[in-house]
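Here is the structure we will look at, set down as structure tokens.
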Amino acid sequence: MSRIGKKPIAIPSGVKVALGGSSITVEGPKGKLSRELSEAVTVKIEADQIQVALGDGQNGSSMQGLFRTLIANMVDGVANGFEKVLQISGVGYRADLKGKVLNLALGYSHPVEYPLPAGITAEVEKQTKITVRGIDKELVGATAAKIRSFREPEPYKGKGIAYADERIVRKAGKTGKK
């Protein structure tokens, strides 16, 4: 049995959870999220907690842990939200936000324009710090990874876009002839 899947999910005040057929809907002060459930799990809503139990089908134990985590992320997202911070380093590298389009100057011959997906907000500080926010943890992480993929940090000088808490392993450059 899944150790994670057996833990109940506490429902904070101000968050409403509703089951409808094979889907679960979580609504809170930050927004509303919904997800289809697998047949391998059953979800029970009690007074102030959600319990995910094994249902019919294969891979029940692993699906129990997965869906417990997904539902816990939904509850946390509508209550508090998620954010990822990206740091830009490099001479001439900068970011600018115009409406829902993130404009990046990353040393290419053209600026990179990235339209933000629905449900995601971004904030640019000092042209080198991008904060991506949203209620869907999966979408926030995917958006931050996409922005990072435009210019990943290189190991020699560390130029590029990196997560704020990421440690870039640096390599030694060439040494001169003796």
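Chain identifiers are assigned as A, B, and so on, following the order in which chains appear in the structure tokens; residues are numbered from 1 within each chain, and ligands are numbered from 1 in order of appearance.
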**Asked** If you count only C-alpha atoms, which residues fall within 12 Å of Val91 in chain A, apart from same-chain ones fewer than 4 positions away, as a list of chain:residue names?
**Response**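 These residues fall inside the cut-off: A:Ala105, A:Leu106, A:Gly107, A:Gln127, A:Thr128, A:Lys157, A:Gly158, A:Lys159, A:Gly160.
Every protein or nucleic acid residue with an atom no more than 10 Å from Val43 in chain A, counting only C-alpha atoms and leaving out same-chain residues fewer than 2 positions away, appears here: A:Leu19, A:Ser22, A:Ser23, A:Ile24, A:Leu37, A:Val41, A:Ile45, A:Glu46, A:Ile50, A:Gln51, A:Val52, A:Ala53, A:Leu54, A:Gly55, A:Gln64, A:Phe67, A:Arg68, A:Ile71.
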**Contact residues around Leu70 in chain A with only C-alpha atoms at 12 Å, ignoring same-chain residues under 2 positions, as a list in words** =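 Near Leu70 in chain A, the qualifying residues are Ile4, Gly5, Ile9, Ile24, Thr25, Val26, Leu33, Ser34, Arg35, Glu36, Leu37, Ser38, Val52, Met63, Gln64, Gly65, Leu66, Phe67, Arg68, Ala72, Asn73, Met74, Val75, Asp76, Gly77, Asp136, Lys137 and Glu138 of chain A.
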**Asked** For Val112 in chain A, which of A:Val78, A:Phe150, A:Glu125, A:Leu139 is the closest residue, counting only C-alpha atoms?
**Response**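 Going through A:Val78, A:Phe150, A:Glu125, A:Leu139 one by one, the smallest distance to Val112 in chain A is for A:Phe150.
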**Asked** Can you list every residue in range 25-178 of chain A that DSSP puts in strand (DSSP E), as a PyMOL selection string?
**Response** chain A and resi 25-27+32-36+41-45+49-54+82-89+94-98+101-105+112-115+120-125+129-134+160-163
**Asked** If you run DSSP on this backbone, which residues of range 22-177 of chain A come out as helix (DSSP H, G or I), and could you give them as a PyMOL selection string?
**Response** chain A and resi 60-79+137-149
**Prompt:** Any idea what's packed within 7 Å of Ile88 in chain A, counting only C-alpha atoms, ignoring anything in its chain fewer than 4 positions away? Could you give it as an MDAnalysis selection string?
**Reply:** chainID A and resid 93:94 128:129 160:162
**Asked** Of the candidates A:Ile135, A:Ile120, A:Phe82, A:Glu113, which one gets nearest to Gly28 in chain A if we count only C-alpha atoms?
**Response** A:Ile135
**Asked** If you count only C-alpha atoms, which residues fall within 10 Å of Asp48 in chain A, apart from same-chain ones fewer than 3 positions away, as a list in words?
**Response**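 Once the adjacent positions are removed, what remains is Pro8, Ile9, Ala10, Ile11, Pro12, Ser13, Val15, Lys16, Val17 and Ile45 of chain A.
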